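Raw entry24.cif, mmCIF, C-alpha atoms:
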```cif
data_start
#
loop_
_atom_site.label_atom_id
_atom_site.label_comp_id
_atom_site.auth_asym_id
_atom_site.auth_seq_id
_atom_site.Cartn_x
_atom_site.Cartn_y
_atom_site.Cartn_z
CA MET T 1 -47.84 19.43 74.98
CA GLU T 2 -47.31 15.98 73.49
CA ILE T 3 -44.83 14.93 70.82
CA PRO T 4 -46.76 15.06 67.52
CA LYS T 5 -47.65 11.98 65.53
CA PHE T 6 -45.91 11.97 62.16
CA HIS T 7 -49.06 12.98 60.25
CA GLU T 8 -49.54 15.91 62.62
CA THR T 9 -46.34 17.42 61.20
CA PHE T 10 -47.79 17.80 57.69
CA ILE T 11 -49.05 21.38 58.10
CA PRO T 12 -46.02 22.60 60.12
CA ILE T 13 -43.74 21.30 57.35
CA LEU T 14 -45.78 23.05 54.66
CA LYS T 15 -45.95 26.30 56.62
CA VAL T 16 -42.19 26.44 57.14
CA LEU T 17 -41.71 25.93 53.39
CA ALA T 18 -44.63 28.16 52.36
CA ASN T 19 -42.53 31.03 50.96
CA GLY T 20 -41.09 28.73 48.30
CA GLU T 21 -37.57 28.84 49.68
CA THR T 22 -35.39 25.73 49.29
CA LEU T 23 -34.28 24.68 52.77
CA GLN T 24 -31.61 22.29 53.92
CA THR T 25 -33.36 19.42 55.70
CA ARG T 26 -31.73 20.00 59.08
CA GLU T 27 -32.57 23.70 58.89
CA MET T 28 -36.19 22.83 58.14
CA TYR T 29 -36.33 20.50 61.15
CA GLN T 30 -35.05 23.20 63.47
CA LYS T 31 -37.47 25.82 62.16
CA ILE T 32 -40.40 23.44 62.65
CA ILE T 33 -39.38 22.73 66.24
CA ASN T 34 -38.79 26.42 67.00
CA GLN T 35 -42.09 27.59 65.48
CA PHE T 36 -44.46 24.77 66.42
CA TYR T 37 -42.99 22.63 69.18
CA SER T 38 -41.03 25.05 71.34
CA GLU T 39 -43.28 24.16 74.30
CA LEU T 40 -42.02 20.59 74.38
CA SER T 41 -39.86 19.89 77.41
CA LYS T 42 -36.13 19.19 77.20
CA GLU T 43 -36.85 15.55 78.02
CA GLN T 44 -39.39 15.30 75.18
CA LEU T 45 -37.01 16.92 72.70
CA GLU T 46 -34.32 14.43 73.68
CA GLU T 47 -36.58 11.35 73.75
CA LYS T 48 -35.32 8.62 71.42
CA THR T 49 -36.77 5.74 69.44
CA LYS T 50 -35.64 2.19 70.16
CA SER T 51 -33.13 2.53 67.31
CA GLY T 52 -31.58 5.63 68.89
CA ASP T 53 -33.06 8.36 66.70
CA ILE T 54 -34.40 11.56 68.24
CA LEU T 55 -38.16 10.87 68.28
CA ILE T 56 -39.39 14.34 67.26
CA LEU T 57 -36.97 14.41 64.31
CA ASN T 58 -38.03 10.90 63.34
CA ARG T 59 -41.68 11.97 63.30
CA ILE T 60 -40.94 15.04 61.15
CA ALA T 61 -38.83 12.93 58.78
CA TRP T 62 -41.72 10.51 58.21
CA GLY T 63 -44.06 13.44 57.68
CA LYS T 64 -41.64 14.76 55.07
CA SER T 65 -41.52 11.38 53.37
CA TYR T 66 -45.31 11.10 53.09
CA LEU T 67 -45.63 14.67 51.77
CA LYS T 68 -42.99 13.90 49.14
CA LYS T 69 -44.87 10.81 47.93
CA GLY T 70 -48.10 12.81 47.89
CA GLY T 71 -46.55 15.52 45.71
CA TYR T 72 -46.81 18.29 48.33
CA ILE T 73 -43.05 18.83 48.57
CA GLU T 74 -40.05 17.91 46.45
CA PHE T 75 -36.35 17.27 46.94
CA PRO T 76 -34.64 19.51 44.35
CA LYS T 77 -31.24 18.15 45.35
CA ARG T 78 -29.75 15.87 47.97
CA GLY T 79 -30.46 17.09 51.49
CA PHE T 80 -32.79 19.94 50.49
CA VAL T 81 -36.57 20.36 50.54
CA LYS T 82 -38.95 22.67 48.67
CA ILE T 83 -42.73 23.06 48.60
CA THR T 84 -44.65 22.38 45.37
CA GLU T 85 -47.64 24.29 44.00
CA LYS T 86 -49.84 21.51 45.30
CA GLY T 87 -48.33 21.97 48.75
CA LYS T 88 -48.86 25.74 48.67
CA ASN T 89 -52.57 25.13 48.07
CA HIS T 90 -52.82 23.24 51.38
CA VAL T 91 -50.81 25.52 53.66
CA SER T 92 -53.90 27.24 55.05
CA SER T 93 -56.07 24.13 55.31
CA SER T 94 -56.02 20.93 57.30
CA LEU T 95 -54.29 17.93 55.80
CA THR T 96 -55.00 14.47 57.18
CA LEU T 97 -53.18 11.20 56.69
CA LYS T 98 -56.18 9.87 54.79
CA GLN T 99 -56.08 12.84 52.39
CA VAL T 100 -52.38 12.31 51.69
CA GLU T 101 -52.77 8.56 51.19
CA ASN T 102 -55.71 9.10 48.85
CA SER T 103 -54.02 11.84 46.81
CA GLU T 104 -53.34 11.11 43.15
CA ASN T 105 -49.55 11.43 43.43
CA TYR T 106 -49.43 9.12 46.43
CA LEU T 107 -51.53 6.42 44.78
CA GLU T 108 -49.46 6.64 41.60
CA PHE T 109 -46.29 6.21 43.66
CA TYR T 110 -47.55 3.08 45.37
CA ASN T 111 -49.09 1.62 42.22
CA GLU T 112 -45.66 1.85 40.60
CA GLU T 113 -43.52 0.93 43.59
CA ASN T 114 -45.72 -1.81 44.93
CA SER T 115 -46.65 -3.91 41.97
CA LYS T 116 -45.23 -6.67 44.19
CA LYS T 117 -47.93 -7.25 46.83
CA VAL T 118 -46.98 -4.44 49.16
CA SER T 119 -49.78 -2.97 51.23
CA THR T 120 -50.35 0.75 51.59
CA PRO T 121 -49.22 2.38 54.84
CA SER T 122 -52.74 2.70 56.25
CA ILE T 123 -53.24 1.63 59.85
CA ILE T 124 -53.82 -2.11 59.96
CA ARG T 125 -57.06 -2.75 61.79
CA ASN T 126 -57.29 -5.83 64.01
CA ALA T 127 -53.60 -6.48 63.44
CA SER T 128 -51.47 -8.51 65.82
CA PRO T 129 -48.28 -6.95 67.25
CA GLN T 130 -46.29 -9.14 64.83
CA ASP T 131 -48.34 -7.79 61.90
CA LEU T 132 -47.54 -4.25 62.99
CA ILE T 133 -43.82 -5.03 63.28
CA ASP T 134 -43.79 -6.62 59.82
CA GLU T 135 -45.68 -3.69 58.31
CA GLY T 136 -43.32 -1.23 59.98
CA PHE T 137 -40.27 -2.96 58.52
CA ASN T 138 -42.05 -3.12 55.18
CA GLN T 139 -42.62 0.63 55.10
CA ILE T 140 -39.02 1.36 56.12
CA ASP T 141 -37.82 -0.88 53.28
CA ILE T 142 -40.02 1.00 50.80
CA GLN T 143 -38.65 4.33 52.03
CA VAL T 144 -35.02 3.18 51.77
CA LYS T 145 -35.53 1.81 48.24
CA ASP T 146 -37.19 5.06 47.18
CA GLU T 147 -34.22 7.06 48.49
CA LEU T 148 -31.79 4.62 46.89
CA LEU T 149 -33.39 4.98 43.46
CA GLU T 150 -33.32 8.79 43.75
CA LYS T 151 -29.63 8.62 44.68
CA LEU T 152 -28.80 6.37 41.72
CA LYS T 153 -30.40 8.91 39.38
CA GLU T 154 -28.14 11.64 40.80
CA ILE T 155 -24.71 9.99 40.78
CA ASP T 156 -22.11 10.26 38.03
CA PRO T 157 -23.06 7.98 35.09
CA PHE T 158 -19.64 6.32 35.08
CA TYR T 159 -19.86 5.59 38.82
CA PHE T 160 -23.33 4.17 38.24
CA GLU T 161 -21.75 1.66 35.84
CA LYS T 162 -19.31 0.60 38.55
CA VAL T 163 -22.16 0.22 41.07
CA ILE T 164 -23.82 -2.27 38.73
CA LEU T 165 -20.61 -4.28 38.36
CA ILE T 166 -20.12 -4.34 42.14
CA LEU T 167 -23.70 -5.55 42.57
CA LEU T 168 -23.29 -8.37 40.06
CA LYS T 169 -20.08 -9.49 41.73
CA LYS T 170 -21.85 -9.56 45.12
CA MET T 171 -24.54 -11.66 43.50
CA GLY T 172 -21.87 -14.23 42.67
CA TYR T 173 -21.29 -13.59 38.97
CA GLY T 174 -17.49 -13.44 39.21
CA ASP T 175 -14.87 -10.74 38.76
CA PHE T 176 -15.60 -7.77 36.54
CA ILE T 177 -13.65 -5.73 34.03
CA GLU T 178 -14.47 -2.05 33.53
CA THR T 179 -14.31 -1.02 29.90
CA ALA T 180 -13.06 2.29 28.51
CA LYS T 181 -15.32 5.23 29.40
CA THR T 182 -16.22 6.58 25.99
CA GLY T 183 -19.87 7.44 26.57
CA ASP T 184 -20.67 6.07 23.12
CA GLY T 185 -23.22 3.48 24.13
CA GLY T 186 -20.77 0.59 24.00
CA ILE T 187 -20.22 -2.16 26.57
CA ASP T 188 -19.88 -0.72 30.08
CA GLY T 189 -18.39 -3.79 31.72
CA ILE T 190 -17.62 -7.46 31.36
CA ILE T 191 -18.22 -10.15 33.99
CA ASN T 192 -16.02 -13.24 33.80
CA GLU T 193 -18.10 -16.11 35.14
CA ASP T 194 -15.01 -18.32 35.37
CA LYS T 195 -11.42 -17.48 36.31
CA LEU T 196 -10.12 -17.98 32.75
CA GLY T 197 -12.73 -15.71 31.23
CA LEU T 198 -14.12 -18.41 28.99
CA ASP T 199 -17.69 -17.49 29.84
CA LYS T 200 -18.47 -13.77 29.71
CA ILE T 201 -21.47 -11.57 30.49
CA TYR T 202 -21.58 -8.14 28.86
CA ILE T 203 -23.10 -5.28 30.84
CA GLN T 204 -24.86 -2.09 29.74
CA ALA T 205 -25.88 0.43 32.41
CA LYS T 206 -28.06 3.45 31.63
CA ARG T 207 -28.68 6.01 34.35
CA TYR T 208 -31.91 7.64 33.17
CA GLY T 209 -34.34 9.96 34.93
CA GLU T 210 -37.77 9.54 33.38
CA ASN T 211 -36.81 8.46 29.85
CA LYS T 212 -37.47 4.82 29.08
CA VAL T 213 -34.98 2.50 27.41
CA ARG T 214 -36.07 2.03 23.79
CA GLU T 215 -35.77 -0.72 21.21
CA LYS T 216 -32.87 1.15 19.60
CA ASP T 217 -30.86 0.98 22.84
CA ILE T 218 -31.27 -2.80 23.01
CA ARG T 219 -30.37 -3.14 19.34
CA ASN T 220 -27.19 -1.10 19.86
CA PHE T 221 -26.30 -3.21 22.89
CA ILE T 222 -26.65 -6.41 20.88
CA GLY T 223 -24.54 -4.89 18.12
CA ALA T 224 -21.79 -3.96 20.57
CA MET T 225 -21.54 -7.52 21.91
CA SER T 226 -18.71 -9.44 20.28
CA GLY T 227 -19.05 -12.99 19.05
CA ASP T 228 -17.47 -14.53 22.15
CA THR T 229 -20.55 -14.24 24.34
CA GLN T 230 -24.25 -14.87 24.16
CA LYS T 231 -25.12 -13.29 27.52
CA GLY T 232 -25.91 -9.70 28.37
CA VAL T 233 -27.46 -7.67 31.20
CA PHE T 234 -29.02 -4.28 30.50
CA VAL T 235 -29.66 -2.20 33.62
CA THR T 236 -31.43 1.14 33.94
CA THR T 237 -32.73 3.39 36.70
CA SER T 238 -35.93 3.95 34.69
CA SER T 239 -37.86 1.30 32.75
CA PHE T 240 -38.09 -0.39 29.34
CA ASP T 241 -40.70 0.40 26.72
CA SER T 242 -42.55 -2.42 24.96
CA GLY T 243 -40.26 -2.28 21.93
CA ALA T 244 -37.14 -2.70 24.07
CA THR T 245 -38.68 -5.60 25.97
CA LYS T 246 -39.69 -7.37 22.75
CA LYS T 247 -36.28 -6.84 21.16
CA ALA T 248 -34.52 -8.38 24.17
CA HIS T 249 -36.96 -11.29 24.25
CA ASP T 250 -36.61 -12.05 20.53
CA ALA T 251 -32.80 -11.73 20.40
CA HIS T 252 -30.62 -14.77 19.74
CA HIS T 253 -28.59 -13.68 22.77
CA THR T 254 -29.80 -14.17 26.33
CA ILE T 255 -30.44 -10.61 27.54
CA ILE T 256 -31.67 -9.89 31.05
CA LEU T 257 -33.41 -6.55 31.62
CA ILE T 258 -33.25 -4.92 35.06
CA ASP T 259 -35.35 -1.79 35.60
CA GLY T 260 -35.07 0.70 38.45
CA LEU T 261 -37.45 -1.08 40.82
CA LYS T 262 -35.77 -4.46 40.32
CA LEU T 263 -32.35 -2.81 40.66
CA VAL T 264 -33.04 -1.31 44.10
CA ASP T 265 -34.61 -4.60 45.23
CA LEU T 266 -31.36 -6.40 44.37
CA MET T 267 -29.15 -3.70 45.92
CA HIS T 268 -31.23 -3.85 49.09
CA GLN T 269 -31.06 -7.64 49.19
CA TYR T 270 -27.28 -7.79 48.66
CA ASN T 271 -26.47 -4.72 50.81
CA VAL T 272 -25.01 -2.59 48.03
CA GLY T 273 -25.39 1.13 48.72
CA VAL T 274 -27.27 0.47 51.98
CA GLN T 275 -26.19 -0.45 55.48
CA ILE T 276 -27.82 -1.91 58.56
CA LYS T 277 -28.84 0.97 60.81
CA SER T 278 -30.18 -0.96 63.78
CA SER T 279 -31.34 -4.39 64.88
CA TYR T 280 -34.24 -5.26 67.12
CA GLU T 281 -34.66 -8.19 69.49
CA VAL T 282 -38.11 -9.71 69.91
CA LYS T 283 -38.23 -11.97 72.93
CA GLU T 284 -40.65 -14.75 73.87
CA LEU T 285 -41.21 -16.90 76.91
CA ASP T 286 -38.73 -19.79 77.23
CA ASN T 287 -40.97 -22.65 78.32
CA ASP T 288 -38.04 -25.11 78.31
CA PHE T 289 -36.37 -23.03 81.04
CA PHE T 290 -39.30 -23.55 83.38
CA GLU T 291 -39.87 -27.20 82.45
CA ASP T 292 -36.32 -27.98 83.55
CA ASN T 293 -37.34 -27.05 87.08
CA ASN T 294 -40.20 -29.59 87.31
#
```
Would it be possible to restate this file's structure as structure tokens?
Amino acid sequence: MEIPKFHETFIPILKVLANGETLQTREMYQKIINQFYSELSKEQLEEKTKSGDILILNRIAWGKSYLKKGGYIEFPKRGFVKITEKGKNHVSSSLTLKQVENSENYLEFYNEENSKKVSTPSIIRNASPQDLIDEGFNQIDIQVKDELLEKLKEIDPFYFEKVILILLKKMGYGDFIETAKTGDGGIDGIINEDKLGLDKIYIQAKRYGENKVREKDIRNFIGAMSGDTQKGVFVTTSSFDSGATKKAHDAHHTIILIDGLKLVDLMHQYNVGVQIKSSYEVKELDNDFFEDNN
């Protein structure tokens, strides 16, 4: 028996979750191995990727990720997995990678996530090894940003405000001041661009699920800004409706809007809420070494 490709784990994942029970991720992994891959040898079960992950678990994890994007399973809370009605409808049938990638939920996910020239995870035909490496890193980045956005939507709203201030400081916008936590829609933080606080940036952070930021929210933010600044940053985990965007654009103040996708891009770029898991070395022939011997 060979170690399954990640897309070959689709049906085993759905079958383990078929009764509708919410399973802890590690428990799901073990059930899948026990029920479907018990014939793998000890060496196969312990085989690792170049980054040090257990290969079989890595394959199941990617299968889980694709099924989530396709709407076949859901993550009801951190570290837990549950099948959806759509997933239940496919338990007794075959489910290919092409079917998952062409499913409505999957295409909607990538249309939203990848409005920035990101290719879909289909196999790249006639690709060079470097193309495949780049595409692999690209897909890992997409997965991490997806998980990061989900995490931001779960954390305490007040801690979310602090995350934004930490991010802006890492971006070089100076020291920050946390304001009183009243929950009344006022200013969530102040960035001092200079040491004397002569130039300030006011911050509003809204941790939303699906609700969009509306024109009223921008208007309230402008109203809460005192007369000693003309700069503001409004950050949300969701997005801004057309009214909110227009209000920010037409304001006398300079107001920067950062939606969920832009937020996780910045956090990923400045290493806020993420860490480097592993590094890879790609070697090439050193022609200078051999020329020295001529």
| request: Measuring atom to atom with all atoms listed in the file, identify which of T:Lys69, T:Ile54, T:Gln139, T:Ile133 is nearest to Tyr280 in chain T. | output: T:Ile133
| query | Nearest to Lys206 in chain T among T:Asp228, T:Glu8, T:Asp188, T:Glu43, with distances taken over all atoms listed in the file: which residue is it? | reply |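 Between T:Asp228, T:Glu8, T:Asp188, T:Glu43, the residue approaching Lys206 in chain T most closely is T:Asp188.
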| request: Could you jot down the CA of Lys88 in chain T to CA of Glu27 in chain T separation for me, Å, one decimal place? | output: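 Atom-to-atom, CA of Lys88 in chain T and CA of Glu27 in chain T are spaced 19.3 Å apart.
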| Between T:Gln143, T:Gln30, T:Thr84, T:Thr96, which one has atoms that come closest to Asp265 in chain T, using only C-alpha atoms? |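 Using only C-alpha atoms, Asp265 in chain T sits closest to T:Gln143.
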| field | Residue neighbourhood range 51-53 of chain T, 7 Å, all atoms listed in the file, exclusion window fewer than 3 positions, as number ranges by chain | value | T: 48, 58, 278
| task | Quick one: pull the distance between CA of Tyr37 in chain T and CA of Lys82 in chain T, Å, one decimal. | result |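 Rounded to one decimal, the two atoms are 20.9 Å apart.
CA of Val81 in chain T is found 10.8 Å from CA of Leu67 in chain T.
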| said: Please enumerate the residues selected by the PyMOL selection byres ((chain T and resi 248) around 12) when evaluated against the supplied file, formatted as a PyMOL selection string. | reply: chain T and resi 213-222+231-234+240-247+249-258
| Which of T:Lys98, T:Lys151, T:Lys5, T:Lys50 sits closest to Glu281 in chain T [using all atoms listed in the file] |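 Under the stated criterion, the closest residue is T:Lys50.
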| said: Show me the residues close to (-49.0, 21.9, 61.7) - anything with an atom within 10 Å, counting all atoms listed in the file - and format the list as a PyMOL selection string. | reply: chain T and resi 4+7-16+32+35-37+91-95
Just C-alpha atoms for this one: save the residues we selected as a CSV table (one decimal), keeping the file's coordinate frame.
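again-v5.csv, freshly written:
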```
chain,number,residue,atom,x,y,z
T,4,PRO,CA,-46.8,15.1,67.5
T,7,HIS,CA,-49.1,13.0,60.2
T,8,GLU,CA,-49.5,15.9,62.6
T,9,THR,CA,-46.3,17.4,61.2
T,10,PHE,CA,-47.8,17.8,57.7
T,11,ILE,CA,-49.0,21.4,58.1
T,12,PRO,CA,-46.0,22.6,60.1
T,13,ILE,CA,-43.7,21.3,57.4
T,14,LEU,CA,-45.8,23.0,54.7
T,15,LYS,CA,-46.0,26.3,56.6
T,16,VAL,CA,-42.2,26.4,57.1
T,32,ILE,CA,-40.4,23.4,62.6
T,35,GLN,CA,-42.1,27.6,65.5
T,36,PHE,CA,-44.5,24.8,66.4
T,37,TYR,CA,-43.0,22.6,69.2
T,91,VAL,CA,-50.8,25.5,53.7
T,92,SER,CA,-53.9,27.2,55.0
T,93,SER,CA,-56.1,24.1,55.3
T,94,SER,CA,-56.0,20.9,57.3
T,95,LEU,CA,-54.3,17.9,55.8
```
| For the file shown, what are the residues hit by the PyMOL selection byres ((chain T and resi 176) around 7), laid out as a PyMOL selection string? | chain T and resi 165+174-175+177-178+189-192
Given the file shown, enumerate the residues that the PyMOL selection byres ((chain T and resi 209) around 12) captures and present them as a PDB file with C-alpha atoms, keeping the file's coordinate frame.
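The resulting file, expr15.pdb, is reproduced below:
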```
ATOM      1  CA  LEU T 149     -33.390   4.980  43.460  1.00  0.00           C
ATOM      2  CA  GLU T 150     -33.320   8.790  43.750  1.00  0.00           C
ATOM      3  CA  LYS T 151     -29.630   8.620  44.680  1.00  0.00           C
ATOM      4  CA  LEU T 152     -28.800   6.370  41.720  1.00  0.00           C
ATOM      5  CA  LYS T 153     -30.400   8.910  39.380  1.00  0.00           C
ATOM      6  CA  GLU T 154     -28.140  11.640  40.800  1.00  0.00           C
ATOM      7  CA  ILE T 155     -24.710   9.990  40.780  1.00  0.00           C
ATOM      8  CA  PRO T 157     -23.060   7.980  35.090  1.00  0.00           C
ATOM      9  CA  LYS T 206     -28.060   3.450  31.630  1.00  0.00           C
ATOM     10  CA  ARG T 207     -28.680   6.010  34.350  1.00  0.00           C
ATOM     11  CA  TYR T 208     -31.910   7.640  33.170  1.00  0.00           C
ATOM     12  CA  GLU T 210     -37.770   9.540  33.380  1.00  0.00           C
ATOM     13  CA  ASN T 211     -36.810   8.460  29.850  1.00  0.00           C
ATOM     14  CA  LYS T 212     -37.470   4.820  29.080  1.00  0.00           C
ATOM     15  CA  VAL T 213     -34.980   2.500  27.410  1.00  0.00           C
ATOM     16  CA  THR T 236     -31.430   1.140  33.940  1.00  0.00           C
ATOM     17  CA  THR T 237     -32.730   3.390  36.700  1.00  0.00           C
ATOM     18  CA  SER T 238     -35.930   3.950  34.690  1.00  0.00           C
ATOM     19  CA  SER T 239     -37.860   1.300  32.750  1.00  0.00           C
ATOM     20  CA  ASP T 259     -35.350  -1.790  35.600  1.00  0.00           C
ATOM     21  CA  GLY T 260     -35.070   0.700  38.450  1.00  0.00           C
TER      22      GLY T 260
END
```
| message | Between T:Glu147, T:Glu74, T:Asp199, T:Asp286, which residue has the minimum interatomic distance to Gly273 in chain T, considering only C-alpha atoms? | response | T:Glu147
Listed atoms of range 223-227 of chain T boxed along x, y and z, 5 Å each side, centre and edge lengths in Å, one decimal, as JSON:
```
{"center_x": -21.6, "center_y": -8.5, "center_z": 20.0, "size_x": 15.8, "size_y": 19.0, "size_z": 13.8}
```
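Checking T:Asp288, T:Arg26, T:Tyr66, T:Asn19 one by one against Ile140 in chain T, counting only C-alpha atoms, you find the shortest gap at T:Tyr66.
The set of protein, DNA and RNA residues with any counted atom at most 10 Å from (-51.3, 20.3, 42.9) (all atoms listed in the file) reads Gly70, Gly71, Tyr72, Thr84, Glu85, Lys86, Gly87, Lys88, Asn89, His90, Ser103, Glu104 and Asn105 of chain T.
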